[in-house]
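This is my_file24.txt (compact mmCIF, C-alpha atoms).
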# COMPACT_ATOMS: atom_id res chain seq x y z
CA MET A 1 16.39 -45.65 20.42
CA ARG A 2 14.48 -42.62 21.66
CA LYS A 3 13.69 -41.64 18.09
CA ILE A 4 12.40 -45.11 17.38
CA LYS A 5 10.21 -44.96 20.47
CA ALA A 6 8.97 -41.49 19.60
CA ALA A 7 8.01 -42.79 16.15
CA MET A 8 6.31 -45.82 17.70
CA ALA A 9 4.26 -43.49 19.88
CA LYS A 10 2.62 -42.26 16.70
CA MET A 11 1.31 -45.75 15.97
CA PRO A 12 -2.30 -46.50 16.89
CA MET A 13 -2.65 -48.14 20.29
CA MET A 14 0.77 -46.91 21.39
CA LEU A 15 0.69 -44.54 24.36
CA THR A 16 3.37 -41.91 24.91
CA CYS A 17 5.35 -41.94 28.17
CA GLY A 18 3.35 -38.87 29.24
CA GLU A 19 0.07 -40.68 28.64
CA VAL A 20 1.37 -43.59 30.69
CA GLU A 21 2.27 -41.19 33.49
CA ALA A 22 -1.23 -39.72 33.50
CA VAL A 23 -2.93 -43.07 34.18
CA LEU A 24 -0.21 -44.75 36.22
CA LEU A 25 -2.10 -44.58 39.53
CA ASP A 26 -5.29 -45.85 37.89
CA TYR A 27 -3.31 -48.79 36.50
CA ILE A 28 -1.77 -49.64 39.88
CA GLU A 29 -5.14 -49.44 41.59
CA GLY A 30 -6.87 -51.60 38.99
CA ARG A 31 -9.09 -48.86 37.58
CA LEU A 32 -8.10 -49.22 33.90
CA SER A 33 -10.58 -50.98 31.66
CA GLY A 34 -9.47 -53.92 29.52
CA TYR A 35 -8.43 -51.97 26.43
CA ALA A 36 -6.84 -49.11 28.39
CA ARG A 37 -4.90 -51.66 30.44
CA PHE A 38 -3.82 -53.47 27.29
CA LYS A 39 -2.43 -50.21 25.83
CA PHE A 40 -0.68 -49.41 29.12
CA GLU A 41 0.97 -52.83 29.27
CA LEU A 42 1.88 -52.71 25.58
CA HIS A 43 3.79 -49.49 26.27
CA LEU A 44 5.55 -51.11 29.24
CA LYS A 45 6.68 -53.98 26.98
CA VAL A 46 8.57 -51.63 24.68
CA CYS A 47 9.66 -48.93 27.14
CA ARG A 48 12.43 -49.80 29.59
CA GLU A 49 12.22 -46.34 31.21
CA CYS A 50 8.53 -46.63 32.08
CA ARG A 51 9.02 -50.19 33.35
CA ASP A 52 11.84 -49.04 35.62
CA TYR A 53 9.88 -45.99 36.71
CA LEU A 54 6.84 -48.04 37.66
CA ALA A 55 8.97 -50.51 39.61
CA ALA A 56 10.74 -47.73 41.54
CA TYR A 57 7.48 -45.88 42.19
CA ARG A 58 5.96 -49.00 43.71
CA GLN A 59 9.10 -49.87 45.64
CA ALA A 60 9.38 -46.37 47.14
CA ALA A 61 5.81 -46.50 48.49
CA ALA A 62 6.35 -50.00 49.86
CA LEU A 63 9.65 -49.05 51.51
CA GLY A 64 8.07 -45.99 53.14
CA ALA A 65 5.27 -48.09 54.60
CA GLU A 66 7.69 -50.79 55.72
CA VAL A 67 9.98 -48.35 57.53
CA LEU A 68 7.11 -46.61 59.32
CA GLY A 69 5.71 -49.97 60.35
CA ALA A 70 2.29 -51.10 61.46
CA PRO A 71 0.74 -49.43 64.52
CA ASP A 72 0.99 -52.54 66.66
CA ASP A 73 4.37 -53.72 65.43
CA PRO A 74 6.72 -53.68 68.41
CA ALA A 75 5.54 -54.63 71.87
CA PRO A 76 5.03 -51.15 73.31
CA GLY A 77 5.77 -50.31 76.92
CA ASP A 78 3.47 -48.22 79.08
CA ILE A 79 3.45 -44.47 78.80
CA PRO A 80 5.25 -42.94 81.82
CA GLU A 81 2.84 -41.33 84.27
CA GLU A 82 4.70 -38.00 84.18
CA LEU A 83 4.13 -37.80 80.42
CA VAL A 84 0.43 -38.55 80.89
CA THR A 85 0.27 -35.70 83.43
CA ALA A 86 2.09 -33.33 81.07
CA ILE A 87 -0.26 -34.16 78.18
CA LEU A 88 -3.39 -33.70 80.29
CA ALA A 89 -2.04 -30.38 81.60
CA ALA A 90 -1.26 -29.20 78.06
CA ARG A 91 -4.77 -30.04 76.98
CA ASP A 92 -6.24 -28.16 79.97
CA ALA A 93 -4.09 -25.14 79.10
CA GLU A 94 -5.31 -25.29 75.50
CA ASN A 95 -8.95 -25.48 76.58
CA ARG A 96 -8.74 -22.48 78.85
CA MET B 97 -2.75 -58.41 77.12
CA ASN B 98 -3.52 -55.81 74.51
CA VAL B 99 -5.23 -53.10 76.54
CA THR B 100 -6.86 -51.42 73.58
CA SER B 101 -8.61 -54.58 72.46
CA VAL B 102 -11.00 -54.38 75.41
CA ILE B 103 -11.84 -50.70 74.92
CA ASP B 104 -15.17 -49.87 73.38
CA GLU B 105 -13.85 -47.53 70.68
CA ALA B 106 -17.20 -46.12 69.61
CA ALA B 107 -18.11 -45.15 73.18
CA LEU B 108 -14.67 -43.63 73.70
CA VAL B 109 -14.94 -41.57 70.51
CA ASP B 110 -18.40 -40.32 71.51
CA ALA B 111 -17.08 -39.27 74.92
CA LEU B 112 -14.07 -37.52 73.33
CA ARG B 113 -16.37 -35.61 71.01
CA ALA B 114 -18.40 -34.55 74.01
CA GLY B 115 -15.20 -33.14 75.55
CA SER B 116 -14.90 -35.63 78.42
CA ASP B 117 -11.74 -35.23 80.50
CA ASP B 118 -11.90 -38.87 81.58
CA ALA B 119 -12.12 -40.05 77.99
CA PHE B 120 -9.08 -38.01 77.05
CA ALA B 121 -7.10 -39.46 79.95
CA GLN B 122 -8.20 -42.95 78.93
CA LEU B 123 -7.13 -42.29 75.33
CA VAL B 124 -3.67 -41.18 76.48
CA ARG B 125 -3.19 -44.15 78.83
CA SER B 126 -4.48 -46.72 76.35
CA TYR B 127 -2.62 -45.63 73.23
CA GLY B 128 0.28 -43.54 74.58
CA GLY B 129 2.77 -46.38 75.09
CA ARG B 130 2.49 -47.59 71.53
CA MET B 131 2.68 -44.04 70.17
CA LEU B 132 5.78 -43.37 72.24
CA ALA B 133 7.45 -46.45 70.72
CA VAL B 134 6.64 -45.20 67.22
CA ALA B 135 7.94 -41.68 67.92
CA ARG B 136 11.19 -43.05 69.38
CA ARG B 137 11.92 -44.83 66.12
CA ILE B 138 11.58 -41.57 64.19
CA VAL B 139 13.09 -38.88 66.45
CA GLY B 140 14.87 -40.83 69.20
CA GLU B 141 14.30 -40.95 72.94
CA ASP B 142 14.76 -37.26 73.81
CA GLU B 143 12.02 -35.84 71.64
CA ALA B 144 9.60 -38.76 71.54
CA GLY B 145 7.56 -37.52 74.51
CA ASP B 146 7.07 -34.09 72.94
CA CYS B 147 5.88 -35.71 69.71
CA VAL B 148 3.36 -37.84 71.55
CA GLN B 149 2.08 -34.81 73.43
CA GLU B 150 1.73 -32.86 70.21
CA ALA B 151 -0.02 -35.80 68.53
CA PHE B 152 -2.58 -36.16 71.32
CA LEU B 153 -3.38 -32.44 71.25
CA GLN B 154 -3.84 -32.64 67.48
CA ALA B 155 -5.98 -35.75 67.84
CA PHE B 156 -8.16 -34.01 70.36
CA ARG B 157 -8.58 -30.97 68.11
CA LYS B 158 -9.40 -33.17 65.12
CA ILE B 159 -11.62 -35.74 66.78
CA GLY B 160 -14.60 -34.23 64.96
CA ALA B 161 -13.03 -35.25 61.64
CA PHE B 162 -12.34 -38.81 62.81
CA ARG B 163 -14.28 -41.22 60.65
CA GLY B 164 -16.32 -43.48 62.86
CA ASP B 165 -15.57 -46.63 60.87
CA ALA B 166 -11.78 -46.14 61.00
CA LYS B 167 -9.68 -47.61 63.79
CA LEU B 168 -8.51 -45.24 66.51
CA ALA B 169 -5.14 -47.00 66.71
CA THR B 170 -4.29 -46.52 63.02
CA TRP B 171 -5.60 -42.94 63.06
CA LEU B 172 -3.47 -42.06 66.09
CA HIS B 173 -0.52 -43.89 64.54
CA ARG B 174 -0.76 -41.69 61.47
CA ILE B 175 -0.96 -38.52 63.56
CA VAL B 176 2.08 -39.34 65.70
CA VAL B 177 4.12 -40.42 62.66
CA ASN B 178 3.31 -37.13 60.96
CA ALA B 179 4.21 -35.10 64.06
CA ALA B 180 7.48 -37.00 64.46
CA LEU B 181 8.46 -36.66 60.79
CA THR B 182 7.83 -32.90 60.93
CA ARG B 183 9.94 -32.61 64.08
CA ARG B 184 12.72 -34.67 62.51
CA ARG B 185 12.87 -32.36 59.49
CA ARG B 186 12.87 -29.21 61.63
CA ARG B 187 15.63 -30.59 63.83
CA GLN B 188 17.75 -31.14 60.71
CA ARG B 189 16.91 -27.56 59.65
CA ARG B 190 15.86 -28.78 56.25
CA PRO B 191 13.15 -27.06 54.25
CA GLU B 192 10.24 -28.95 52.76
CA VAL B 193 11.04 -29.87 49.18
CA SER B 194 9.15 -28.43 46.21
CA LEU B 195 7.14 -31.20 44.56
CA ASP B 196 7.45 -29.57 41.14
CA SER B 197 11.22 -30.06 41.20
CA LEU B 198 10.79 -33.80 41.81
CA MET B 199 8.33 -34.70 39.07
CA PRO B 200 9.25 -37.19 36.32
CA VAL B 201 11.35 -35.88 33.44
CA PHE B 202 10.56 -36.28 29.73
CA ASP B 203 12.92 -35.40 26.88
CA ASP B 204 12.07 -33.21 23.90
CA LEU B 205 10.63 -36.21 22.06
CA GLY B 206 8.27 -36.92 24.96
CA CYS B 207 10.21 -40.00 26.13
CA ARG B 208 10.68 -40.57 29.85
CA VAL B 209 14.19 -39.98 31.18
CA GLU B 210 14.80 -42.53 33.92
CA PRO B 211 18.05 -43.18 35.81
CA SER B 212 19.36 -46.67 36.35
CA LEU B 213 18.70 -47.82 39.92
CA PRO B 214 20.92 -50.87 40.49
CA LEU B 215 19.76 -51.54 44.06
CA LEU B 216 16.05 -51.42 43.32
CA ASP B 217 15.60 -55.16 43.81
CA ALA B 218 18.09 -55.51 46.65
CA PRO B 219 16.53 -57.69 49.36
CA ASP B 220 15.87 -56.36 52.87
CA LEU B 221 16.70 -52.74 52.17
CA ALA B 222 14.64 -51.72 55.19
CA ALA B 223 16.87 -53.84 57.43
CA SER B 224 19.65 -51.26 57.09
CA ALA B 225 19.60 -48.51 59.72
CA GLU B 226 21.06 -46.08 57.20
CA VAL B 227 18.32 -46.83 54.68
CA ARG B 228 15.62 -46.45 57.33
CA SER B 229 17.10 -43.10 58.26
CA GLN B 230 17.15 -41.96 54.61
CA VAL B 231 13.53 -43.05 54.15
CA LEU B 232 12.41 -41.13 57.26
CA ASP B 233 14.32 -38.05 56.05
CA ALA B 234 12.64 -38.30 52.64
CA LEU B 235 9.15 -38.64 54.11
CA GLY B 236 9.86 -35.75 56.46
CA GLN B 237 10.93 -33.50 53.60
CA LEU B 238 7.67 -33.91 51.71
CA PRO B 239 5.30 -30.96 52.03
CA GLU B 240 2.57 -31.51 54.62
CA ASP B 241 -0.22 -32.13 52.06
CA ALA B 242 1.82 -34.75 50.24
CA ARG B 243 2.96 -36.47 53.42
CA GLN B 244 -0.57 -36.58 54.82
CA ILE B 245 -2.02 -38.39 51.84
CA ILE B 246 0.84 -40.89 51.69
CA LEU B 247 0.33 -41.66 55.38
CA MET B 248 -3.42 -41.98 54.89
CA ARG B 249 -3.08 -44.38 51.98
CA ASP B 250 0.06 -46.36 52.65
CA LEU B 251 0.08 -46.35 56.45
CA GLN B 252 -3.49 -45.96 57.67
CA GLY B 253 -4.83 -48.01 54.75
CA LEU B 254 -7.62 -45.63 53.70
CA ASP B 255 -8.80 -45.82 50.09
CA THR B 256 -8.94 -42.78 47.81
CA ALA B 257 -12.55 -41.91 48.63
CA GLU B 258 -11.97 -42.19 52.38
CA ALA B 259 -8.83 -40.04 52.23
CA ALA B 260 -10.62 -37.48 50.04
CA ALA B 261 -13.53 -37.30 52.51
CA GLU B 262 -11.25 -36.72 55.49
CA LEU B 263 -9.28 -34.05 53.61
CA GLY B 264 -12.42 -32.40 52.29
CA ILE B 265 -11.29 -32.61 48.65
CA SER B 266 -12.67 -34.41 45.58
CA ASP B 267 -11.64 -37.97 44.71
CA GLY B 268 -9.93 -36.62 41.59
CA ALA B 269 -7.91 -34.10 43.59
CA ALA B 270 -6.93 -36.81 46.08
CA LYS B 271 -5.70 -39.06 43.25
CA VAL B 272 -3.59 -36.28 41.74
CA ARG B 273 -2.18 -35.38 45.16
CA LEU B 274 -1.29 -39.00 45.93
CA HIS B 275 0.35 -39.53 42.56
CA ARG B 276 2.48 -36.39 42.84
CA ALA B 277 3.43 -37.30 46.41
CA ARG B 278 4.48 -40.82 45.44
CA ALA B 279 6.37 -39.56 42.41
CA ALA B 280 8.28 -37.14 44.65
CA LEU B 281 8.99 -39.82 47.24
CA LYS B 282 10.31 -42.10 44.52
CA ARG B 283 12.65 -39.33 43.33
CA LEU B 284 13.84 -38.62 46.88
CA LEU B 285 14.51 -42.32 47.46
CA GLU B 286 16.55 -42.85 44.29
CA PRO B 287 19.84 -42.66 46.30
CA VAL B 288 18.59 -45.57 48.43
CA PHE B 289 18.16 -47.56 45.21
CA GLY B 290 21.64 -46.69 44.00
CA GLY B 291 20.84 -43.55 42.02
CA GLU B 292 22.06 -39.96 42.33
CA PRO B 293 20.45 -37.62 44.90
CA ALA B 294 17.91 -35.14 43.57
CA PRO B 295 19.37 -31.62 43.42
CA GLY B 296 18.48 -29.34 46.31
CA THR B 297 17.39 -32.08 48.69
CA GLY B 298 20.22 -31.68 51.13
CA ASP B 299 22.03 -34.87 50.14
CA ASP B 300 23.95 -33.49 47.19
CA GLY B 301 26.70 -31.61 48.86
Same coordinates, now as structure tokens:
Amino acid sequence: MRKIKAAMAKMPMMLTCGEVEAVLLDYIEGRLSGYARFKFELHLKVCRECRDYLAAYRQAAALGAEVLGAPDDPAPGDIPEELVTAILAARDAENR
Amino acid sequence: MNVTSVIDEAALVDALRAGSDDAFAQLVRSYGGRMLAVARRIVGEDEAGDCVQEAFLQAFRKIGAFRGDAKLATWLHRIVVNAALTRRRRRQRRPEVSLDSLMPVFDDLGCRVEPSLPLLDAPDLAASAEVRSQVLDALGQLPEDARQIILMRDLQGLDTAEAAAELGISDGAAKVRLHRARAALKRLLEPVFGGEPAPGTGDDG
């Protein structure tokens, strides 16, 4: 299968996996022009590895963002006054 | 009531830049509670206060680099998350990973070598405490440069040009850095998706 794919990569319009890797971020962020996008998606159609890679790459970024959460996600409590005092003192010490 | 919604952010930022003690105290009181909640989720109760303190000191040092059109809350969120992830990694006595060792692999014919990841489409992965812990570990293990740009893009919501401007690098360099960082994160998270751990990441033995 790999040999078949390597031979296909020599066909016109067919990107190699390395060429796909080089423009992957541009593809995700919508910066590929029509023909470049067509070639990228043509490669994805025939290459299971690049399809899986792209899916995992996207999923990893999404999972990271989901776990870290939005800044105003949980209802936060107040900051304890002793911590406020400690932070202000640390800043004074740094400024001296 | 959301306290921060009634703060005039622009005036506060101006006062912080001018070195106002009152403005700094207001910043800590207005945003500290929410930052403490974030830090607790990453390092637990005992060390959350230290992370918040460190984050505020960093924020104060870097206020000159704060982009006026960004939101203070998301900027501070990014700073406390970064401080907490660094502390988490140090507590586990793990080194930062080398990005080069986590880049995609191609065989001698130039074809991508990609493991099968059976849990990639599993629903609600982030609902599992163990998965959340693994994700935090992975983010913490990324080198500082890589972690920063992931947090800027995927957490703070900056675009490439905005992130590049804050980092003082070109757009092209920011794109390369983001891509390498995401590729490494993907590799580190393969165990979460049912794959084998990357060698040398502390999960392989």
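The two atoms in question, CA of Asp203 in chain B and CA of Glu292 in chain B, are spaced 18.5 Å apart.
Within 7 Å of range 219-227 of chain B there are Leu63 and Val67 of chain A; Val288 of chain B, counting only C-alpha atoms and ignoring same-chain residues fewer than 6 positions away.
Of the residues listed (B:Ala155, B:Leu168, B:Ile138, B:Leu112), B:Ile138 shows the shortest atom-to-atom separation from Arg184 in chain B; distances use all atoms listed in the file.
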Near chain A, meaning an atom within 7 Å, which residues of chain B appear when counting all atoms listed in the file? Write them as a tab-separated table (two decimals) with C-alpha atoms, in the coordinates of the input.
chain	number	residue	atom	x	y	z
B	121	ALA	CA	-7.10	-39.46	79.95
B	124	VAL	CA	-3.67	-41.18	76.48
B	125	ARG	CA	-3.19	-44.15	78.83
B	128	GLY	CA	0.28	-43.54	74.58
B	129	GLY	CA	2.77	-46.38	75.09
B	130	ARG	CA	2.49	-47.59	71.53
B	133	ALA	CA	7.45	-46.45	70.72
B	145	GLY	CA	7.56	-37.52	74.51
B	149	GLN	CA	2.08	-34.81	73.43
B	153	LEU	CA	-3.38	-32.44	71.25
B	169	ALA	CA	-5.14	-47.00	66.71
B	170	THR	CA	-4.29	-46.52	63.02
B	173	HIS	CA	-0.52	-43.89	64.54
B	205	LEU	CA	10.63	-36.21	22.06
B	206	GLY	CA	8.27	-36.92	24.96
B	207	CYS	CA	10.21	-40.00	26.13
B	208	ARG	CA	10.68	-40.57	29.85
B	209	VAL	CA	14.19	-39.98	31.18
B	210	GLU	CA	14.80	-42.53	33.92
B	216	LEU	CA	16.05	-51.42	43.32
B	222	ALA	CA	14.64	-51.72	55.19
B	228	ARG	CA	15.62	-46.45	57.33
B	231	VAL	CA	13.53	-43.05	54.15
B	250	ASP	CA	0.06	-46.36	52.65
B	251	LEU	CA	0.08	-46.35	56.45
B	275	HIS	CA	0.35	-39.53	42.56
B	278	ARG	CA	4.48	-40.82	45.44
B	279	ALA	CA	6.37	-39.56	42.41
B	281	LEU	CA	8.99	-39.82	47.24
B	282	LYS	CA	10.31	-42.10	44.52
B	285	LEU	CA	14.51	-42.32	47.46
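Put simply, CA of Gln237 in chain B is 4.7 Å away from CA of Glu192 in chain B.
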For the atom pair CA of Gly291 in chain B and CA of Leu213 in chain B, what is the interatomic distance in Å to one decimal place?
-> 5.2 Å
Using only C-alpha atoms, which of A:Lys39, A:Lys10, A:Lys45, A:Arg96 sits nearest Tyr27 in chain A?
-> A:Lys39
